[in-house]
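Colleague: Take this structure first; my questions come after.
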Amino acid sequence: MAIVVFLLGSVYRISKWNSTPIIHQLVLYPAPKDGSSVILQKVTQALSFGKIFNTDRRFWFGAWIFHLGLFLAISGHFIGIPLEGKQFALFGLSHELSQKLSSFLGGMAGIFMLSGLIYLLVRRFINFEIKKMSRPSDYFDLLLLIAVAFTGNYMRFLEPMEYVEAKNFVIGILTFSPNPLPSNLWFVLHFTLAMFLLMYLPFGKLFHFIGYFYTYSITCKKAPTGFINEVDTEEVELSKIRPRHKRGLTYEDYPAFRK
Amino acid sequence: MKTILHLENELSPLPISPTIPEKRTEWAKQLYKRMGSKCRSVVMAMENCVRCGHCAKECHVYLGTKDPYNIPGRRADLMRMVYKKYFTASGKMLGGFVGAKDIDEDLLQNWVNYFYQCNECRRCAVFCPMGIDTAEVTILARQILVYLGLIPKFHMAIAKNLVKTGNNMGIPKEACLDSCEFFEEELKEETGLDIKIPLDTPADILYVPSSADFFTNYDTMAGAAKFFHAVSADWTISSEIIEAANFGLFFDIDFTMKAHNDRLVKVAQKLGVKKVIQGECGHGWRAAKMYTPSLSGPVTFEISHIIEEVARAITGGQIKLDPSRNEDKIVTLHDPCNAARSSGLLEEPRMVVKACVSDFREMYPNREKNFCCGGGGGILMDEMVEWRKKVTQIKREQVKATGANYLCAPCSICKAQFPVVFEWFEKEIPEFKIGGVMDLVSFAIVL
């Protein structure tokens, strides 16, 4: 049910965005010159958080490490659990080593996530400007994520549970033949919170992982460039200059230029 | 309603009927329902802010005033709370928990106060990790306020002049003719050459100066005339449109801006020009370049900027500039927000200035990361002088750090703003001057 809500919610939100037009040209310069560098710029921004990296390193570190942890954790859930932690065996490692590596990476992801989240929460409390901007839902979003990460970490480090058990439980739900709840209470808590998070995602600001591309697309576009970009800026023989695309009158049409 | 701005009650130049104050909130709600979700740039700004607060220390208005409502994200929140109320499921169900709120008289007052404290410089859009452009929110909010009849006196006076004469200063045709003759005489005295300033003649090029060039920025106009003379261009000025600036961008896109862009297209077609060259005006260049095709298109002529043309002529070797004539000047360049960030005039002014002077110093940060002059968004009102001085603190420090004695700002709003807010500067740095790029060209060009 959570997945259905998530999918419907996402479709609703994205179609809403798609249905509103971009009326005017809103490029921010310096603009990329061709289509591939537009995509490159968007993706590098999304991966590196370059805009905050250059201006606020501490914030960048907190935010980036949280998102990195989140990414690792999600891919771990999708790959590690179905393959029971034996995914690295595909690269030639032994099953045992693979499982160890898997749980090491999972542990790292959990710690990254939790520490990043706690930094973000503290930042929201102590920074005057951000405190002024925050609303209850902002704290709620962070606390929800912290709860999910904390229960996950607790399971990982203090009350371990076999991948198989979780896997069978999820398969049971997906095939509509639910198995009895696992005895591990932390798993039940983690699972419930995660499902709630999934349902909540499309309706709050946490949907920004898709919204980012929509918003950034408005100002990051291939754009008509000015004169300097038209001719190569490095040494050009003066006599050989011709504007690359002639849209109208150029200086060759001026009387002074006619020989 | 008590606001920091002086508001105008007489709205006759715009096709808008003023509201009765008692019904204002009702109208505002209806207007917002109609206009709130019609434009993707605004919708994304409303939906996608994660409130990380990164914009706070990139906004010169917040840094200057320290008013928390001037944090770009929080300023947009003034509209976001209404957006949540009307257009999102979470806002309808959870209300105050996600910060949703309906429009009331207090909120409208905050709208007038704070959306008219935004310079629309788009610096926050450069630094926002999500790429949100708060200037778009400001533009929509001001548009709604215009429909509600809440317009600053200053802007309304300009709208009146635009309707009457086609320029911000209200210069009629006769005065324009006189000025051109005066310019020709002065240029004759200065250079000994017959430099013509053709008015209303069919030509290949229509030059659209800023109307302030006719009074205060004499050298800018002279520079353009000398440049056109040097390349023997077939050019003209039209008395119907001696205004590159388009204040519609600042408060009213629907009527004022569209009317002025239409005027540009109409005059260009009437004179049969192949190319329109915009004079030194930051937001005017943006309005013409970025908005003419979508507002008044299709456009049958090329739109270009005078600085681009000079840069092209320098590269092509058609004009000769002598930097030694500007020997006494240590020049720094201020990138006007709308010209640089929003319409790509980044490298050309540098190239021209470097060709004109021998001592050029970059100011930091520069190019698309430059701070606004504090007059952007048309906030040049007399009642805002103290505010303007506050938000220009950063700019003053920037200029001071370069050690320059000539501040080059190719934008009429910057040129109007700086003399007011840089008062004490002339005492500190002897011979401190403010001017445009074309002024330097005017001094340096060899005819």
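Going by the structure tokens order, chains are called A, B, ..., each with residues numbered from 1, while ligands are numbered from 1 in the order shown.
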Any idea what's packed within 10 Å of segment 92-102 of chain A, counting only C-alpha atoms, ignoring anything in its chain fewer than 4 positions away? Could you give it as a list in words?

Modeller: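 So, after excluding close chain neighbours, the residues are Gly76, Ile79, Gly80, Ile81, Leu83, Glu84, Gly85, Lys86, Gln87, Phe88, Gly106, Gly107, Met108 and Tyr163 of chain A.
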
Colleague: Which residues, written as a VMD selection string, have at least one atom at most 7 Å from segment 315-328 of chain B, with only C-alpha atoms counted and residues fewer than 6 positions away on the same chain left out?

Modeller: (chain A and resid 238 241) or (chain B and resid 230 to 231 355 to 358 443 to 446)

Colleague: Using backbone DSSP assignments, extract all helix (DSSP H, G or I) residues from segment 48-215 of chain B; output them as a ChimeraX atom specification.

Modeller: /B:48,56-58,60-65,68-70,72-87,89-98,105-115,123-127,134-147,153-165,173-191,211-214

Colleague: Between atom CA of Ile39 of chain A and atom CA of Ile210 of chain A, what is the distance, to one decimal in Å?

Modeller: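 Separation between atom CA of Ile39 of chain A and atom CA of Ile210 of chain A: 14.6 Å.
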
Colleague: Compute the set of chain B residues within 7 Å of chain A, using only C-alpha atoms, and express it as a ChimeraX atom specification.

Modeller: /B:38-41,44,47-53,56,68,74,90,97-99,127,129-132,231-233,274-275,290-291,294,301-302,308,312,315-317,341-345,347-348,368

Colleague: Contacts of segment 203-217 of chain B at 9 Å or less, counting only C-alpha atoms, minus same-chain residues fewer than 5 places along, as a PyMOL selection string?

Modeller: (chain A and resi 249) or (chain B and resi 167-171+176+179-180+183+222+224+233-238+241-245+264+267-268+271-281+284+306+411-412+415-416+435-436+439)

Colleague: Which residues are near segment 164-175 of chain A? Cut-off 8 Å, only C-alpha atoms, ignore same chain within fewer than 4 positions. Put them as a PyMOL selection string.

Modeller: chain A and resi 81-82+84+179-182

Colleague: Show which residues sit within 8 Å of Glu136 of chain B, as a short mmCIF file (atom, residue, chain, number, x, y, z; two decimals) with all heavy atoms, in the first residue's frame. Count only C-alpha atoms, and ignore same-chain residues fewer than 4 positions away.

Modeller:
data_model
loop_
_atom_site.label_atom_id
_atom_site.label_comp_id
_atom_site.auth_asym_id
_atom_site.auth_seq_id
_atom_site.Cartn_x
_atom_site.Cartn_y
_atom_site.Cartn_z
N SER B 41 8.52 28.48 -12.88
CA SER B 41 9.60 29.00 -12.05
C SER B 41 9.11 29.31 -10.64
O SER B 41 9.80 29.08 -9.66
CB SER B 41 10.20 30.24 -12.69
OG SER B 41 9.20 31.16 -13.01
N VAL B 42 7.87 29.82 -10.55
CA VAL B 42 7.32 30.14 -9.23
C VAL B 42 6.88 28.86 -8.52
O VAL B 42 7.15 28.66 -7.33
CB VAL B 42 6.16 31.13 -9.35
CG1 VAL B 42 5.56 31.41 -7.99
CG2 VAL B 42 6.62 32.41 -9.99
N GLU B 120 15.66 41.90 -6.84
CA GLU B 120 15.50 41.04 -8.02
C GLU B 120 16.84 40.81 -8.72
O GLU B 120 16.92 40.79 -9.93
CB GLU B 120 14.51 41.64 -9.01
CG GLU B 120 13.10 41.74 -8.45
CD GLU B 120 12.10 42.25 -9.46
OE1 GLU B 120 12.47 42.42 -10.62
OE2 GLU B 120 10.95 42.47 -9.08
N LEU B 140 6.13 37.87 -9.34
CA LEU B 140 4.71 37.50 -9.28
C LEU B 140 4.00 38.26 -8.17
O LEU B 140 2.89 38.76 -8.36
CB LEU B 140 4.56 35.99 -9.07
CG LEU B 140 3.11 35.55 -8.91
CD1 LEU B 140 2.35 35.72 -10.21
CD2 LEU B 140 2.99 34.12 -8.43
#
